[in-house]
Amino acid sequence: MKQVVIENPVINSPYDEPKRHFKFTEEGITDEIIEGTRRPSSYFIPIARPRSRGRQTQLHLDTEWTEDRLKENDEINRIRARVAIWRNGGYVGVTKTTSRLLGYWNNTDREKKLFFCQIEALETAIYLAEVAGKYGDSWIENKLREVNEVANPLLFRLSFKMATGSGKTVVMAMLIAWHALKNSPTPRTPGFPTHS
């Protein structure tokens, strides 16, 4: 496999949706930049290959990242697309409290501007809780429940995968604030915590 040296791997702003990515080929990652599109969510399929050493045959994990060993996360990409349509449409279908919070979190004049990945995680949680069922996307919750039932029977959970250093703790705090504030004006809203 040809070794590729990428002088500057940061090609997108952390505050905006990614619009460029490095191309993968049969040989692995290249230094060629694909413009105008975000890399689809995908995962690397590790394939252990036999390797002879003397009389013994050992298995080792071949970690070459080639195009034929990448598998797209089809459901994640579909959810991203639906959330993007909703975002670009102005967050239709949310409560006033949620709308105000989204406006505050997206405010470009904030002292500490949020990363795009943080906003997208919040948007996705809100979309699933408040919007998806209203706009024909109940397939998302159905799929999540189906997958969850295999791994965690009787305990429905959602999770968001974010990179190290991307601000997961901030996202958790904002989700807690959203749940608490969303519940305040209408204490009997189903699906949200109650308080006394």
# chains A, B, ... in the order shown; residues from 1 in each chain; ligands from 1
call {"tool": "residues_around", "arguments": {"residues": "A:Asp16", "least_positions_apart": "2", "cutoff": "8 Å", "atoms": "only C-alpha atoms", "output": "short mmCIF file (atom, residue, chain, number, x, y, z; two decimals) with C-alpha atoms, in the first residue's frame"}}
result
data_model
loop_
_atom_site.label_atom_id
_atom_site.label_comp_id
_atom_site.auth_asym_id
_atom_site.auth_seq_id
_atom_site.Cartn_x
_atom_site.Cartn_y
_atom_site.Cartn_z
CA ASN A 12 -13.23 21.80 7.55
CA SER A 13 -14.22 24.29 10.22
CA PRO A 14 -15.40 22.60 13.44
CA PRO A 18 -18.27 19.37 6.82
CA PHE A 115 -19.08 22.77 17.36
CA PHE A 116 -21.25 21.52 14.50
#
call {"tool": "residues_around", "arguments": {"residues": "A:Phe160", "least_positions_apart": "4", "cutoff": "12 Å", "atoms": "only C-alpha atoms", "output": "list in words"}}
result
Ile76, Cys117, Gln118, Glu120, Ala121, Leu122, Glu123, Thr124, Ala125, Ser166, Gly167, Lys168, Thr169, Val171, Met172 and Leu175 of chain A
call {"tool": "write_last_selection", "arguments": {"atoms": "N, CA and C atoms", "output": "PDB file, in the first residue's frame"}}
result
ATOM      1  N   ILE A  76     -27.730   5.558   9.672  1.00  0.00           N
ATOM      2  CA  ILE A  76     -27.161   6.815  10.181  1.00  0.00           C
ATOM      3  C   ILE A  76     -27.190   7.875   9.089  1.00  0.00           C
ATOM      4  N   CYS A 117     -20.726  19.312  15.399  1.00  0.00           N
ATOM      5  CA  CYS A 117     -21.076  17.962  15.860  1.00  0.00           C
ATOM      6  C   CYS A 117     -21.910  18.020  17.142  1.00  0.00           C
ATOM      7  N   GLN A 118     -21.678  19.020  17.992  1.00  0.00           N
ATOM      8  CA  GLN A 118     -22.480  19.176  19.200  1.00  0.00           C
ATOM      9  C   GLN A 118     -23.910  19.571  18.839  1.00  0.00           C
ATOM     10  N   GLU A 120     -25.400  19.088  15.987  1.00  0.00           N
ATOM     11  CA  GLU A 120     -26.043  17.982  15.269  1.00  0.00           C
ATOM     12  C   GLU A 120     -26.517  16.887  16.233  1.00  0.00           C
ATOM     13  N   ALA A 121     -25.742  16.600  17.264  1.00  0.00           N
ATOM     14  CA  ALA A 121     -26.174  15.602  18.256  1.00  0.00           C
ATOM     15  C   ALA A 121     -27.450  16.071  18.955  1.00  0.00           C
ATOM     16  N   LEU A 122     -27.478  17.348  19.355  1.00  0.00           N
ATOM     17  CA  LEU A 122     -28.681  17.908  19.979  1.00  0.00           C
ATOM     18  C   LEU A 122     -29.869  17.873  19.022  1.00  0.00           C
ATOM     19  N   GLU A 123     -29.641  18.309  17.796  1.00  0.00           N
ATOM     20  CA  GLU A 123     -30.715  18.304  16.801  1.00  0.00           C
ATOM     21  C   GLU A 123     -31.277  16.904  16.604  1.00  0.00           C
ATOM     22  N   THR A 124     -30.400  15.925  16.560  1.00  0.00           N
ATOM     23  CA  THR A 124     -30.846  14.547  16.340  1.00  0.00           C
ATOM     24  C   THR A 124     -31.697  14.065  17.507  1.00  0.00           C
ATOM     25  N   ALA A 125     -31.258  14.328  18.733  1.00  0.00           N
ATOM     26  CA  ALA A 125     -32.039  13.935  19.911  1.00  0.00           C
ATOM     27  C   ALA A 125     -33.407  14.614  19.896  1.00  0.00           C
ATOM     28  N   SER A 166     -14.610  16.273  21.272  1.00  0.00           N
ATOM     29  CA  SER A 166     -15.650  16.976  20.520  1.00  0.00           C
ATOM     30  C   SER A 166     -16.706  17.629  21.405  1.00  0.00           C
ATOM     31  N   GLY A 167     -16.605  17.458  22.717  1.00  0.00           N
ATOM     32  CA  GLY A 167     -17.517  18.153  23.626  1.00  0.00           C
ATOM     33  C   GLY A 167     -18.738  17.366  24.048  1.00  0.00           C
ATOM     34  N   LYS A 168     -18.558  16.086  24.325  1.00  0.00           N
ATOM     35  CA  LYS A 168     -19.681  15.233  24.741  1.00  0.00           C
ATOM     36  C   LYS A 168     -20.302  15.699  26.054  1.00  0.00           C
ATOM     37  N   THR A 169     -19.486  16.151  26.985  1.00  0.00           N
ATOM     38  CA  THR A 169     -19.994  16.595  28.282  1.00  0.00           C
ATOM     39  C   THR A 169     -20.894  17.814  28.119  1.00  0.00           C
ATOM     40  N   VAL A 171     -22.656  18.491  25.459  1.00  0.00           N
ATOM     41  CA  VAL A 171     -23.887  17.981  24.851  1.00  0.00           C
ATOM     42  C   VAL A 171     -24.785  17.365  25.922  1.00  0.00           C
ATOM     43  N   MET A 172     -24.210  16.593  26.828  1.00  0.00           N
ATOM     44  CA  MET A 172     -25.014  15.996  27.908  1.00  0.00           C
ATOM     45  C   MET A 172     -25.658  17.073  28.768  1.00  0.00           C
ATOM     46  N   LEU A 175     -28.536  18.620  26.843  1.00  0.00           N
ATOM     47  CA  LEU A 175     -29.690  17.719  26.798  1.00  0.00           C
ATOM     48  C   LEU A 175     -30.447  17.735  28.130  1.00  0.00           C
TER      49      LEU A 175
END
call {"tool": "closest_residue", "arguments": {"among": "A:Ala151, A:Gln3, A:Tyr15, A:Asp137", "to": "A:Glu27", "atoms": "only C-alpha atoms"}}
result
A:Gln3
call {"tool": "select_by_dssp", "arguments": {"residues": "chain A", "states": "strand (DSSP E or B)", "output": "count of residues only"}}
result
34
call {"tool": "select_by_dssp", "arguments": {"residues": "stretch 73-136 of chain A", "states": "helix (DSSP H, G or I)", "output": "PyMOL selection string"}}
result
chain A and resi 74-88+96-105+116-135
call {"tool": "closest_residue", "arguments": {"among": "A:Val4, A:Val92, A:Val10, A:Glu17", "to": "A:Lys134", "atoms": "only C-alpha atoms"}}
result
A:Val92
call {"tool": "residues_around", "arguments": {"residues": "A:Ile33", "least_positions_apart": "5", "cutoff": "12 Å", "atoms": "only C-alpha atoms", "output": "list in words"}}
result
Ile6, Asn8, Pro9, Val10, Ile11, Asn12, Lys19, Arg20, His21, Phe22, Lys23, Phe24, Arg38 and Arg39 of chain A
call {"tool": "decode", "arguments": {"residues": "stretch 121-159 of chain A", "atoms": "N, CA and C atoms", "output": "mmCIF file, in the first residue's frame"}}
result
data_model
loop_
_atom_site.group_PDB
_atom_site.id
_atom_site.type_symbol
_atom_site.label_atom_id
_atom_site.label_comp_id
_atom_site.auth_asym_id
_atom_site.auth_seq_id
_atom_site.Cartn_x
_atom_site.Cartn_y
_atom_site.Cartn_z
ATOM 1 N N ALA A 121 -25.742 16.600 17.264
ATOM 2 C CA ALA A 121 -26.174 15.602 18.256
ATOM 3 C C ALA A 121 -27.450 16.071 18.955
ATOM 4 N N LEU A 122 -27.478 17.348 19.355
ATOM 5 C CA LEU A 122 -28.681 17.908 19.979
ATOM 6 C C LEU A 122 -29.869 17.873 19.022
ATOM 7 N N GLU A 123 -29.641 18.309 17.796
ATOM 8 C CA GLU A 123 -30.715 18.304 16.801
ATOM 9 C C GLU A 123 -31.277 16.904 16.604
ATOM 10 N N THR A 124 -30.400 15.925 16.560
ATOM 11 C CA THR A 124 -30.846 14.547 16.340
ATOM 12 C C THR A 124 -31.697 14.065 17.507
ATOM 13 N N ALA A 125 -31.258 14.328 18.733
ATOM 14 C CA ALA A 125 -32.039 13.935 19.911
ATOM 15 C C ALA A 125 -33.407 14.614 19.896
ATOM 16 N N ILE A 126 -33.430 15.895 19.582
ATOM 17 C CA ILE A 126 -34.679 16.648 19.548
ATOM 18 C C ILE A 126 -35.572 16.149 18.412
ATOM 19 N N TYR A 127 -34.975 15.898 17.258
ATOM 20 C CA TYR A 127 -35.748 15.390 16.117
ATOM 21 C C TYR A 127 -36.426 14.074 16.481
ATOM 22 N N LEU A 128 -35.669 13.175 17.102
ATOM 23 C CA LEU A 128 -36.238 11.878 17.481
ATOM 24 C C LEU A 128 -37.358 12.029 18.504
ATOM 25 N N ALA A 129 -37.183 12.930 19.469
ATOM 26 C CA ALA A 129 -38.153 13.074 20.558
ATOM 27 C C ALA A 129 -39.389 13.887 20.173
ATOM 28 N N GLU A 130 -39.202 14.935 19.378
ATOM 29 C CA GLU A 130 -40.311 15.857 19.135
ATOM 30 C C GLU A 130 -40.865 15.860 17.720
ATOM 31 N N VAL A 131 -40.084 15.444 16.748
ATOM 32 C CA VAL A 131 -40.462 15.725 15.371
ATOM 33 C C VAL A 131 -40.666 14.492 14.496
ATOM 34 N N ALA A 132 -39.790 13.525 14.564
ATOM 35 C CA ALA A 132 -39.775 12.405 13.612
ATOM 36 C C ALA A 132 -41.148 11.756 13.427
ATOM 37 N N GLY A 133 -41.836 11.462 14.518
ATOM 38 C CA GLY A 133 -43.145 10.809 14.424
ATOM 39 C C GLY A 133 -44.188 11.644 13.714
ATOM 40 N N LYS A 134 -44.073 12.968 13.794
ATOM 41 C CA LYS A 134 -45.045 13.874 13.162
ATOM 42 C C LYS A 134 -44.869 13.958 11.652
ATOM 43 N N TYR A 135 -43.658 13.675 11.167
ATOM 44 C CA TYR A 135 -43.353 13.890 9.759
ATOM 45 C C TYR A 135 -42.974 12.613 9.012
ATOM 46 N N GLY A 136 -43.561 11.500 9.426
ATOM 47 C CA GLY A 136 -43.379 10.254 8.690
ATOM 48 C C GLY A 136 -42.056 9.547 8.897
ATOM 49 N N ASP A 137 -41.339 9.913 9.942
ATOM 50 C CA ASP A 137 -40.060 9.261 10.203
ATOM 51 C C ASP A 137 -40.100 8.372 11.442
ATOM 52 N N SER A 138 -41.245 7.768 11.699
ATOM 53 C CA SER A 138 -41.319 6.860 12.850
ATOM 54 C C SER A 138 -40.478 5.608 12.601
ATOM 55 N N TRP A 139 -40.058 5.387 11.342
ATOM 56 C CA TRP A 139 -39.180 4.262 11.034
ATOM 57 C C TRP A 139 -37.887 4.346 11.845
ATOM 58 N N ILE A 140 -37.474 5.581 12.184
ATOM 59 C CA ILE A 140 -36.221 5.750 12.921
ATOM 60 C C ILE A 140 -36.346 5.121 14.304
ATOM 61 N N GLU A 141 -37.391 5.496 15.034
ATOM 62 C CA GLU A 141 -37.575 4.920 16.369
ATOM 63 C C GLU A 141 -37.816 3.419 16.280
ATOM 64 N N ASN A 142 -38.595 2.981 15.287
ATOM 65 C CA ASN A 142 -38.846 1.544 15.129
ATOM 66 C C ASN A 142 -37.538 0.786 14.913
ATOM 67 N N LYS A 143 -36.659 1.326 14.059
ATOM 68 C CA LYS A 143 -35.369 0.678 13.795
ATOM 69 C C LYS A 143 -34.503 0.665 15.052
ATOM 70 N N LEU A 144 -34.476 1.794 15.774
ATOM 71 C CA LEU A 144 -33.691 1.865 17.007
ATOM 72 C C LEU A 144 -34.207 0.871 18.048
ATOM 73 N N ARG A 145 -35.522 0.757 18.168
ATOM 74 C CA ARG A 145 -36.097 -0.211 19.121
ATOM 75 C C ARG A 145 -35.767 -1.646 18.717
ATOM 76 N N GLU A 146 -35.822 -1.919 17.420
ATOM 77 C CA GLU A 146 -35.513 -3.260 16.916
ATOM 78 C C GLU A 146 -34.064 -3.642 17.227
ATOM 79 N N VAL A 147 -33.133 -2.757 16.934
ATOM 80 C CA VAL A 147 -31.716 -3.020 17.185
ATOM 81 C C VAL A 147 -31.453 -3.094 18.685
ATOM 82 N N ASN A 148 -32.088 -2.211 19.438
ATOM 83 C CA ASN A 148 -31.913 -2.181 20.887
ATOM 84 C C ASN A 148 -32.412 -3.477 21.535
ATOM 85 N N GLU A 149 -33.500 -4.013 21.021
ATOM 86 C CA GLU A 149 -34.080 -5.236 21.589
ATOM 87 C C GLU A 149 -33.105 -6.411 21.490
ATOM 88 N N VAL A 150 -32.302 -6.432 20.445
ATOM 89 C CA VAL A 150 -31.311 -7.500 20.270
ATOM 90 C C VAL A 150 -30.219 -7.387 21.332
ATOM 91 N N ALA A 151 -29.749 -6.159 21.574
ATOM 92 C CA ALA A 151 -28.623 -5.957 22.491
ATOM 93 C C ALA A 151 -29.047 -5.701 23.931
ATOM 94 N N ASN A 152 -30.161 -5.030 24.123
ATOM 95 C CA ASN A 152 -30.588 -4.621 25.470
ATOM 96 C C ASN A 152 -32.078 -4.884 25.689
ATOM 97 N N PRO A 153 -32.485 -6.132 25.706
ATOM 98 C CA PRO A 153 -33.910 -6.401 25.887
ATOM 99 C C PRO A 153 -34.433 -5.734 27.167
ATOM 100 N N LEU A 154 -35.612 -5.163 27.074
ATOM 101 C CA LEU A 154 -36.334 -4.529 28.183
ATOM 102 C C LEU A 154 -35.731 -3.211 28.664
ATOM 103 N N LEU A 155 -34.671 -2.723 28.003
ATOM 104 C CA LEU A 155 -34.080 -1.455 28.411
ATOM 105 C C LEU A 155 -33.765 -0.645 27.162
ATOM 106 N N PHE A 156 -34.718 0.207 26.757
ATOM 107 C CA PHE A 156 -34.527 1.008 25.550
ATOM 108 C C PHE A 156 -33.589 2.163 25.847
ATOM 109 N N ARG A 157 -32.528 2.262 25.064
ATOM 110 C CA ARG A 157 -31.548 3.336 25.235
ATOM 111 C C ARG A 157 -31.151 3.900 23.879
ATOM 112 N N LEU A 158 -30.759 5.169 23.892
ATOM 113 C CA LEU A 158 -30.198 5.821 22.713
ATOM 114 C C LEU A 158 -28.807 6.301 23.073
ATOM 115 N N SER A 159 -27.929 6.335 22.105
ATOM 116 C CA SER A 159 -26.600 6.880 22.359
ATOM 117 C C SER A 159 -26.127 7.631 21.124
#
